[in-house]
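K.L.:
The following file, target-v6.cif, comprises mmCIF, C-alpha atoms and all ligand atoms:
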```cif
data_target
loop_
_atom_site.label_atom_id
_atom_site.label_comp_id
_atom_site.auth_asym_id
_atom_site.auth_seq_id
_atom_site.Cartn_x
_atom_site.Cartn_y
_atom_site.Cartn_z
CA MET A 118 35.50 -37.56 -4.47
CA ARG A 119 37.40 -34.92 -2.57
CA CYS A 120 36.15 -32.18 -0.29
CA PHE A 121 35.84 -28.89 -2.14
CA SER A 122 37.35 -27.04 0.80
CA CYS A 123 40.11 -29.19 2.32
CA ASP A 124 40.71 -31.74 -0.46
CA LYS A 125 40.38 -34.75 1.84
CA LEU A 126 38.49 -37.78 0.58
CA SER A 127 34.79 -37.31 1.19
CA ILE A 128 31.50 -38.85 0.09
CA GLU A 129 29.82 -35.46 0.13
CA PRO A 130 31.17 -32.47 -1.85
CA ILE A 131 31.99 -30.79 1.46
CA CYS A 132 33.38 -33.14 4.12
CA LYS A 133 31.88 -33.58 7.57
CA GLU A 134 34.74 -31.72 9.27
CA CYS A 135 34.41 -28.71 6.98
CA GLN A 136 30.63 -28.77 7.42
CA LYS A 137 31.16 -28.57 11.17
CA GLU A 138 33.64 -25.77 10.81
CA PHE A 139 31.92 -23.57 8.23
CA LEU A 140 28.31 -24.67 7.78
CA ILE A 141 26.45 -24.23 11.04
CA PRO A 142 23.26 -22.34 10.05
CA GLU A 143 22.86 -19.03 11.85
CA MET A 144 19.55 -17.91 10.27
CA ILE A 145 20.51 -14.24 10.12
CA GLU A 146 17.44 -12.04 9.74
CA LYS A 147 17.11 -8.53 8.41
CA GLU A 148 14.34 -6.36 7.07
CA VAL A 149 14.59 -4.20 3.96
CA GLY A 150 11.56 -2.14 3.01
CA ASN A 151 8.90 -4.47 4.33
CA LEU A 152 10.65 -7.61 3.15
CA ASP A 153 12.13 -10.07 5.62
CA ILE A 154 15.38 -11.59 4.46
CA VAL A 155 16.63 -14.77 6.09
CA SER A 156 20.19 -15.98 5.44
CA PHE A 157 21.65 -19.29 6.49
CA PHE A 158 25.25 -18.17 6.92
CA ASP A 159 27.57 -15.30 7.43
CA TYR A 160 29.26 -14.55 4.12
CA TYR A 161 32.70 -14.34 5.71
CA LEU A 162 32.61 -18.00 6.80
CA THR A 163 31.15 -19.36 3.58
CA VAL A 164 32.76 -17.17 0.95
CA GLU A 165 34.58 -20.02 -0.80
CA PHE A 166 31.30 -21.92 -1.24
CA VAL A 167 29.37 -18.83 -2.37
CA LYS A 168 32.07 -17.97 -4.89
CA SER A 169 32.08 -21.49 -6.29
CA LYS A 170 29.33 -20.15 -8.59
CA TYR A 171 32.13 -18.76 -10.75
CA ILE A 172 33.57 -22.20 -11.51
CA SER A 173 32.10 -25.43 -12.86
CA SER A 174 32.41 -27.40 -9.59
CA GLY A 175 30.03 -24.85 -8.07
CA TYR A 176 27.20 -26.87 -9.56
CA ARG A 177 27.65 -29.70 -7.04
CA ILE A 178 28.37 -27.30 -4.18
CA TYR A 179 25.12 -25.42 -4.73
CA LYS A 180 23.21 -28.66 -5.23
CA PHE A 181 24.58 -29.94 -1.92
CA LEU A 182 23.75 -26.70 -0.06
CA ALA A 183 20.22 -26.61 -1.52
CA LYS A 184 19.47 -30.19 -0.48
CA LYS A 185 21.14 -29.91 2.90
CA PHE A 186 19.81 -26.53 4.07
CA PHE A 187 17.19 -24.95 1.80
CA ALA A 188 15.04 -28.06 1.26
CA PRO A 189 14.47 -28.93 4.95
CA PHE A 190 13.87 -25.28 5.81
CA LEU A 191 11.19 -24.93 3.11
CA LYS A 192 9.65 -28.27 4.02
CA ALA A 193 9.22 -27.15 7.63
CA TYR A 194 7.89 -23.76 6.54
CA VAL A 195 5.20 -25.01 4.16
CA GLU A 196 3.85 -27.46 6.70
CA ASN A 197 2.81 -24.54 8.86
CA ILE A 198 1.13 -22.24 6.35
CA ASP A 199 -2.48 -22.06 5.20
CA CYS A 200 -2.06 -21.74 1.43
CA ASP A 201 -2.23 -24.88 -0.76
CA LYS A 202 0.97 -24.06 -2.56
CA ILE A 203 3.72 -21.55 -2.55
CA TYR A 204 6.01 -20.72 -5.45
CA VAL A 205 9.74 -20.36 -5.14
CA ILE A 206 11.22 -17.70 -7.40
CA GLY A 207 14.95 -17.33 -8.00
CA ILE A 208 16.47 -13.93 -8.57
CA ASP A 209 17.69 -13.60 -12.14
CA GLU A 210 18.51 -17.20 -13.05
CA ASN A 211 20.98 -16.42 -15.77
CA VAL A 212 23.11 -19.15 -17.27
CA ASP A 213 26.10 -17.13 -18.46
CA ARG A 214 28.52 -19.55 -16.84
CA GLY A 215 26.87 -22.72 -18.14
CA TYR A 216 24.55 -23.11 -15.18
CA SER A 217 22.64 -20.82 -12.87
CA ASN A 218 23.58 -21.26 -9.23
CA VAL A 219 20.27 -19.67 -8.23
CA ALA A 220 18.31 -22.10 -10.43
CA ILE A 221 20.11 -24.96 -8.67
CA LEU A 222 19.03 -23.55 -5.32
CA THR A 223 15.38 -23.19 -6.37
CA HIS A 224 15.31 -26.58 -8.11
CA TYR A 225 16.83 -28.71 -5.36
CA SER A 226 15.16 -26.82 -2.52
CA THR A 227 11.72 -27.71 -3.91
CA LYS A 228 12.40 -31.03 -5.68
CA LYS A 229 10.72 -33.32 -3.14
CA ASN A 230 8.24 -30.75 -1.88
CA LYS A 231 4.64 -31.08 -3.08
CA LYS A 232 3.62 -27.70 -1.75
CA ALA A 233 6.58 -25.54 -2.76
CA ILE A 234 6.99 -25.22 -6.51
CA ALA A 235 9.95 -23.69 -8.32
CA LEU A 236 9.13 -21.10 -10.96
CA HIS A 237 12.20 -20.90 -13.15
CA ASN A 238 13.31 -17.95 -15.23
CA VAL A 239 10.38 -15.70 -14.49
CA LEU A 240 12.23 -12.84 -12.80
CA LYS A 241 14.98 -11.39 -14.95
CA ALA A 242 17.17 -8.36 -14.43
CA GLN A 243 17.53 -6.10 -17.44
CA ASN A 244 20.50 -4.37 -15.89
CA ARG A 245 23.35 -6.63 -14.75
CA VAL A 246 25.80 -3.94 -13.69
CA GLN A 247 28.17 -5.41 -11.08
CA TYR A 248 27.14 -4.52 -7.53
CA ALA A 249 30.24 -6.13 -6.02
CA GLY A 250 32.04 -3.74 -3.74
CA GLN A 251 29.64 -0.91 -4.62
CA SER A 252 27.92 1.39 -2.14
CA LEU A 253 24.23 1.41 -1.35
CA GLU A 254 24.02 4.75 -3.16
CA PHE A 255 25.49 3.21 -6.33
CA ARG A 256 23.08 0.29 -6.12
CA LEU A 257 20.10 2.61 -5.77
CA GLU A 258 21.26 4.73 -8.72
CA ASN A 259 21.65 1.64 -10.91
CA PRO A 260 18.50 -0.40 -10.39
CA ARG A 261 18.26 -3.93 -11.73
CA ASP A 262 15.01 -3.21 -13.63
CA PHE A 263 13.47 -6.58 -13.05
CA ILE A 264 10.85 -7.99 -15.41
CA TYR A 265 8.43 -10.57 -14.05
CA LYS A 266 6.79 -13.02 -16.44
CA GLY A 267 5.25 -15.51 -14.04
CA PRO A 268 1.70 -16.02 -12.79
CA GLU A 269 -0.05 -13.29 -10.81
CA ASN A 270 -2.00 -13.54 -7.55
CA ILE A 271 0.23 -16.17 -5.98
CA ASP A 272 2.15 -16.71 -2.78
CA ALA A 273 5.91 -16.90 -3.12
CA ILE A 274 9.33 -17.06 -1.51
CA ILE A 275 12.26 -15.46 -3.30
CA ILE A 276 15.74 -16.96 -3.32
CA ASP A 277 19.20 -15.58 -4.03
CA ASP A 278 22.73 -16.67 -3.14
CA THR A 279 23.85 -13.59 -1.22
CA THR A 280 22.36 -10.45 0.23
CA THR A 281 24.45 -7.40 1.13
CA THR A 282 22.40 -4.23 1.35
CA GLY A 283 19.23 -6.08 0.37
CA THR A 284 18.76 -3.68 -2.56
CA THR A 285 18.41 -6.40 -5.19
CA LEU A 286 15.84 -8.36 -3.21
CA GLU A 287 13.94 -5.21 -2.36
CA GLN A 288 13.77 -4.23 -6.04
CA ALA A 289 12.56 -7.72 -6.93
CA HIS A 290 9.97 -7.54 -4.18
CA ARG A 291 8.61 -4.26 -5.50
CA VAL A 292 8.17 -5.67 -9.01
CA LEU A 293 6.50 -8.82 -7.71
CA LYS A 294 4.08 -6.80 -5.60
CA LYS A 295 2.89 -5.01 -8.74
CA HIS A 296 1.87 -8.45 -10.04
CA ASN A 297 0.06 -9.32 -6.84
CA VAL A 298 2.69 -11.81 -5.79
CA ASN A 299 2.51 -12.12 -2.03
CA VAL A 300 6.13 -12.63 -1.00
CA HIS A 301 6.35 -14.31 2.40
CA PHE A 302 10.09 -13.68 2.75
CA ALA A 303 13.41 -13.92 0.93
CA LEU A 304 15.87 -16.70 1.59
CA THR A 305 19.58 -16.48 0.83
CA LEU A 306 22.61 -18.64 1.39
CA ALA A 307 24.79 -15.90 2.82
CA ASN A 308 24.51 -12.50 4.43
CA ALA A 309 27.38 -10.16 3.62
CA ARG A 310 28.04 -6.95 5.42
CA GLU A 311 27.87 -3.86 3.25
CA GLY A 312 31.11 -2.99 1.49
CA MET A 313 32.25 -6.58 1.13
CA ASP A 314 33.20 -7.72 -2.31
CA TYR A 315 31.09 -10.47 -3.79
ZN ZN A 401 36.79 -30.75 4.06
#
```
Would you mind writing the file's structure down as C-alpha cells?
P.N.:
Amino acid sequence: MRCFSCDKLSIEPICKECQKEFLIPEMIEKEVGNLDIVSFFDYYLTVEFVKSKYISSGYRIYKFLAKKFFAPFLKAYVENIDCDKIYVIGIDENVDRGYSNVAILTHYSTKKNKKAIALHNVLKAQNRVQYAGQSLEFRLENPRDFIYKGPENIDAIIIDDTTTTGTTLEQAHRVLKKHNVNVHFALTLANAREGMDY
C-alpha cells in the first residue's frame, strides 16, 4: 500500500519517514477542572491524520495510531495500578460516517489488554453542535449533554481524538462522576490550541 501522507510505497499506512517526521509522541499534559488530559501529539503536526476521520481511509489510520501509540501506553499504565480492571470509554462513538474513529481508538488500544476493557457506545452526546473554530464561551453555552449508560462504580480512562479547550472532556467527566465512575485521566491523540479549526 501507499503512505497516507507522502504516497510512497509503505507496509504501514504511514511510512517510517513520515512517522519520524510527524509522529514523535510529546505527551502534552493539561488539567481542566480536576481532570488530567494527556495528548500524544500537537494538533498542528498531525492535523492530516486527525482529519482522516472524515474520509474512509481514516479507518486504517486510526487503527494504526491506536495500535502504535494508545495500546502500549495503556499497557504500561495498567501494569502499575492497583485495580483489577479499568474500563476505557470513548467520547460519543457515533458512526455517522460509516465508522467511529473514537471506537477504533478504544477498540484497538485495549484489544490485547486483559486489564483494560473497552466499553463501547455508553457515553453519547445529545447535542452535536459543531465546536470547530468556536470560542470557549460558545462551547460552555452549548453543552454536549452527555448521557451515560454504562456500569457504575468503576475505574475508567476516557478517550477522544482531539482536545482543544478541554470542554467536551470536562463535561463527560462531570457526567461520569455522577455515576461513580472514577476517571483516572483522559487520553487524546492530539492537543489543539484554542481557536484552531478542527
Ligand atoms: Zn510517508
K.L.:
Which residues sit within 8 Å of ligand ZN 401 (chain A), counting only C-alpha atoms and all ligand atoms, listed as a VMD selection string?
P.N.:
chain A and resid 119 to 125 127 131 to 136
K.L.:
Leaving out segment 218-232 of chain A and any residue of its chain fewer than 3 positions from it, which residues lie within 6 Å of it when counting all atoms listed in the file, given as a PyMOL selection string?
P.N.:
chain A and resi 170+180+183-184+187-188+202+207+210+235+277
K.L.:
Given the selection you just returned, output its residues as a file containing C-alpha atoms, formatted as a PDB file, in the frame of the given file.
P.N.:
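For reference, selection_31.pdb as written:
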```pdb
ATOM      1  CA  LYS A 170      29.330 -20.150  -8.590  1.00  0.00           C
ATOM      2  CA  LYS A 180      23.210 -28.660  -5.230  1.00  0.00           C
ATOM      3  CA  ALA A 183      20.220 -26.610  -1.520  1.00  0.00           C
ATOM      4  CA  LYS A 184      19.470 -30.190  -0.480  1.00  0.00           C
ATOM      5  CA  PHE A 187      17.190 -24.950   1.800  1.00  0.00           C
ATOM      6  CA  ALA A 188      15.040 -28.060   1.260  1.00  0.00           C
ATOM      7  CA  LYS A 202       0.970 -24.060  -2.560  1.00  0.00           C
ATOM      8  CA  GLY A 207      14.950 -17.330  -8.000  1.00  0.00           C
ATOM      9  CA  GLU A 210      18.510 -17.200 -13.050  1.00  0.00           C
ATOM     10  CA  ALA A 235       9.950 -23.690  -8.320  1.00  0.00           C
ATOM     11  CA  ASP A 277      19.200 -15.580  -4.030  1.00  0.00           C
TER      12      ASP A 277
END
```
K.L.:
Tell me, as a PyMOL selection string, which residues lie within 7 Å of Val155 of chain A, counting all atoms listed in the file; anything in the same chain fewer than 6 positions away does not count.
P.N.:
chain A and resi 144-147+303-305
K.L.:
Atom CA of Phe158 of chain A and atom CA of Ile141 of chain A, how far apart in Å?
P.N.:
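Computing the Euclidean distance for atom CA of Ile141 of chain A and atom CA of Phe158 of chain A yields 7.4 Å.
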K.L.:
Give the answer as one residue: which of A:Thr279, A:Asn244, A:Gly150, A:Gln288 has the shortest atom-to-atom distance to Asn308 of chain A, using only C-alpha atoms?
P.N.:
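Comparing A:Thr279, A:Asn244, A:Gly150, A:Gln288 against Asn308 of chain A, the winner is A:Thr279.
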K.L.:
Find the residue from A:Asn238, A:Ser217, A:Gln247, A:Ser252 that sits nearest to Ser173 of chain A; use all atoms listed in the file when measuring.
P.N.:
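For Ser173 of chain A, the nearest of the candidates is A:Ser217.
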K.L.:
Hey, which of A:Arg291, A:Gly267, A:Asp159, A:Tyr179 ends up closest to Arg310 of chain A? Count all atoms listed in the file.
P.N.:
A:Asp159
K.L.:
Give me, please, the distance in Å between atom CA of Gly283 of chain A and atom CA of Ala242 of chain A, quoted to one decimal.
P.N.:
15.1 Å
K.L.:
Quick check, in Å to one decimal: how far apart do atom CA of Val167 of chain A and atom CA of Thr280 of chain A lie?
P.N.:
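Separating atom CA of Val167 of chain A from atom CA of Thr280 of chain A is a distance of 11.2 Å.
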K.L.:
Nearest residue to Ala233 of chain A out of A:Gly250, A:Lys192, A:Leu257, A:Arg214, using all atoms listed in the file?
P.N.:
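That would be A:Lys192, the residue with the smallest distance to Ala233 of chain A.
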K.L.:
As AutoDock Vina command-line options, what would the box around segment 276-286 of chain A look like: edges along x, y and z, 3 Å added on every side, centre and edge lengths in Å to one decimal?
P.N.:
```
--center_x 20.1 --center_y -10.3 --center_z -1.9 --size_x 14.7 --size_y 19.3 --size_z 12.5
```
K.L.:
Given the choices A:Lys295, A:Asn211, A:Glu138, A:Thr282, which gets closest to Ala249 of chain A if the distance is worked out from only C-alpha atoms?
P.N.:
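The answer is A:Thr282, which sits nearest to Ala249 of chain A.
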K.L.:
For Val246 of chain A, which residue among A:Ile275, A:Ile172, A:Thr285, A:Pro142 is the nearest when counting all atoms listed in the file?
P.N.:
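Closest residue, counting all atoms listed in the file: A:Thr285.
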K.L.:
From (-1.5, -13.4, -6.9), in the file's coordinates, out to 10 Å: which residues are reached, counting all atoms listed in the file? Answer as a ChimeraX atom specification.
P.N.:
/A:268-273,293-300
K.L.:
Kindly extract all protein, DNA and RNA residues lying within 8 Å of the coordinates (14.6, -5.9, -9.9) given in the file, considering all atoms listed in the file, and supply them as a PyMOL selection string.
P.N.:
chain A and resi 240-242+260-264+285-292
K.L.:
Is it possible to add all heavy atoms to segment 259-270 of chain A and hand it back as an mmCIF file, keeping the file's coordinate frame?
P.N.:
```
data_model
loop_
_atom_site.group_PDB
_atom_site.id
_atom_site.type_symbol
_atom_site.label_atom_id
_atom_site.label_comp_id
_atom_site.auth_asym_id
_atom_site.auth_seq_id
_atom_site.Cartn_x
_atom_site.Cartn_y
_atom_site.Cartn_z
ATOM 1 N N ASN A 259 21.581 2.577 -9.775
ATOM 2 C CA ASN A 259 21.650 1.640 -10.910
ATOM 3 C C ASN A 259 20.738 0.440 -10.676
ATOM 4 O O ASN A 259 21.203 -0.670 -10.438
ATOM 5 C CB ASN A 259 23.095 1.143 -11.081
ATOM 6 C CG ASN A 259 24.026 2.261 -11.487
ATOM 7 O OD1 ASN A 259 24.134 2.589 -12.664
ATOM 8 N ND2 ASN A 259 24.680 2.860 -10.503
ATOM 9 N N PRO A 260 19.424 0.697 -10.722
ATOM 10 C CA PRO A 260 18.500 -0.400 -10.390
ATOM 11 C C PRO A 260 18.574 -1.550 -11.389
ATOM 12 O O PRO A 260 18.974 -1.372 -12.532
ATOM 13 C CB PRO A 260 17.123 0.270 -10.427
ATOM 14 C CG PRO A 260 17.300 1.509 -11.209
ATOM 15 C CD PRO A 260 18.726 1.939 -11.047
ATOM 16 N N ARG A 261 18.200 -2.723 -10.907
ATOM 17 C CA ARG A 261 18.260 -3.930 -11.730
ATOM 18 C C ARG A 261 17.201 -3.956 -12.841
ATOM 19 O O ARG A 261 17.331 -4.690 -13.799
ATOM 20 C CB ARG A 261 18.028 -5.158 -10.834
ATOM 21 C CG ARG A 261 19.148 -5.432 -9.878
ATOM 22 C CD ARG A 261 20.127 -6.400 -10.501
ATOM 23 N NE ARG A 261 21.237 -6.706 -9.620
ATOM 24 C CZ ARG A 261 22.499 -6.422 -9.916
ATOM 25 N NH1 ARG A 261 22.794 -5.810 -11.040
ATOM 26 N NH2 ARG A 261 23.461 -6.743 -9.091
ATOM 27 N N ASP A 262 16.123 -3.191 -12.661
ATOM 28 C CA ASP A 262 15.010 -3.210 -13.630
ATOM 29 C C ASP A 262 14.513 -4.623 -13.897
ATOM 30 O O ASP A 262 14.634 -5.147 -15.009
ATOM 31 C CB ASP A 262 15.427 -2.544 -14.958
ATOM 32 C CG ASP A 262 15.478 -1.036 -14.819
ATOM 33 O OD1 ASP A 262 14.803 -0.516 -13.915
ATOM 34 O OD2 ASP A 262 16.205 -0.395 -15.608
ATOM 35 N N PHE A 263 13.973 -5.219 -12.891
ATOM 36 C CA PHE A 263 13.470 -6.580 -13.050
ATOM 37 C C PHE A 263 12.211 -6.628 -13.903
ATOM 38 O O PHE A 263 11.380 -5.721 -13.865
ATOM 39 C CB PHE A 263 13.124 -7.176 -11.672
ATOM 40 C CG PHE A 263 14.328 -7.614 -10.908
ATOM 41 C CD1 PHE A 263 14.778 -6.892 -9.807
ATOM 42 C CD2 PHE A 263 15.030 -8.761 -11.276
ATOM 43 C CE1 PHE A 263 15.897 -7.290 -9.098
ATOM 44 C CE2 PHE A 263 16.148 -9.167 -10.571
ATOM 45 C CZ PHE A 263 16.585 -8.436 -9.480
ATOM 46 N N ILE A 264 12.094 -7.703 -14.678
ATOM 47 C CA ILE A 264 10.850 -7.990 -15.410
ATOM 48 C C ILE A 264 10.321 -9.310 -14.881
ATOM 49 O O ILE A 264 11.069 -10.294 -14.787
ATOM 50 C CB ILE A 264 11.104 -8.117 -16.930
ATOM 51 C CG1 ILE A 264 11.490 -6.768 -17.514
ATOM 52 C CG2 ILE A 264 9.862 -8.655 -17.629
ATOM 53 C CD1 ILE A 264 11.602 -6.806 -19.025
ATOM 54 N N TYR A 265 9.042 -9.338 -14.545
ATOM 55 C CA TYR A 265 8.430 -10.570 -14.050
ATOM 56 C C TYR A 265 7.477 -11.128 -15.099
ATOM 57 O O TYR A 265 6.617 -10.403 -15.602
ATOM 58 C CB TYR A 265 7.679 -10.293 -12.748
ATOM 59 C CG TYR A 265 6.967 -11.508 -12.202
ATOM 60 C CD1 TYR A 265 7.678 -12.609 -11.733
ATOM 61 C CD2 TYR A 265 5.567 -11.555 -12.158
ATOM 62 C CE1 TYR A 265 7.034 -13.729 -11.244
ATOM 63 C CE2 TYR A 265 4.912 -12.667 -11.659
ATOM 64 C CZ TYR A 265 5.647 -13.747 -11.210
ATOM 65 O OH TYR A 265 5.001 -14.866 -10.717
ATOM 66 N N LYS A 266 7.642 -12.406 -15.418
ATOM 67 C CA LYS A 266 6.790 -13.020 -16.440
ATOM 68 C C LYS A 266 6.045 -14.239 -15.926
ATOM 69 O O LYS A 266 5.603 -15.085 -16.699
ATOM 70 C CB LYS A 266 7.642 -13.402 -17.665
ATOM 71 C CG LYS A 266 8.122 -12.184 -18.430
ATOM 72 C CD LYS A 266 8.808 -12.559 -19.718
ATOM 73 C CE LYS A 266 9.170 -11.304 -20.517
ATOM 74 N NZ LYS A 266 10.238 -11.548 -21.471
ATOM 75 N N GLY A 267 5.924 -14.342 -14.625
ATOM 76 C CA GLY A 267 5.250 -15.510 -14.040
ATOM 77 C C GLY A 267 3.792 -15.228 -13.748
ATOM 78 O O GLY A 267 3.264 -14.161 -14.071
ATOM 79 N N PRO A 268 3.114 -16.186 -13.122
ATOM 80 C CA PRO A 268 1.700 -16.020 -12.790
ATOM 81 C C PRO A 268 1.473 -14.926 -11.725
ATOM 82 O O PRO A 268 2.352 -14.666 -10.913
ATOM 83 C CB PRO A 268 1.298 -17.389 -12.246
ATOM 84 C CG PRO A 268 2.569 -18.067 -11.873
ATOM 85 C CD PRO A 268 3.638 -17.490 -12.728
ATOM 86 N N GLU A 269 0.297 -14.328 -11.782
ATOM 87 C CA GLU A 269 -0.050 -13.290 -10.810
ATOM 88 C C GLU A 269 -0.922 -13.897 -9.706
ATOM 89 O O GLU A 269 -1.355 -15.036 -9.803
ATOM 90 C CB GLU A 269 -0.804 -12.168 -11.529
ATOM 91 C CG GLU A 269 -0.103 -11.751 -12.823
ATOM 92 C CD GLU A 269 -0.249 -10.285 -13.148
ATOM 93 O OE1 GLU A 269 -1.233 -9.668 -12.708
ATOM 94 O OE2 GLU A 269 0.638 -9.756 -13.862
ATOM 95 N N ASN A 270 -1.136 -13.115 -8.673
ATOM 96 C CA ASN A 270 -2.000 -13.540 -7.550
ATOM 97 C C ASN A 270 -1.559 -14.870 -6.931
ATOM 98 O O ASN A 270 -2.354 -15.791 -6.797
ATOM 99 C CB ASN A 270 -3.465 -13.639 -7.997
ATOM 100 C CG ASN A 270 -3.938 -12.371 -8.670
ATOM 101 O OD1 ASN A 270 -3.800 -11.284 -8.115
ATOM 102 N ND2 ASN A 270 -4.456 -12.501 -9.873
#
```
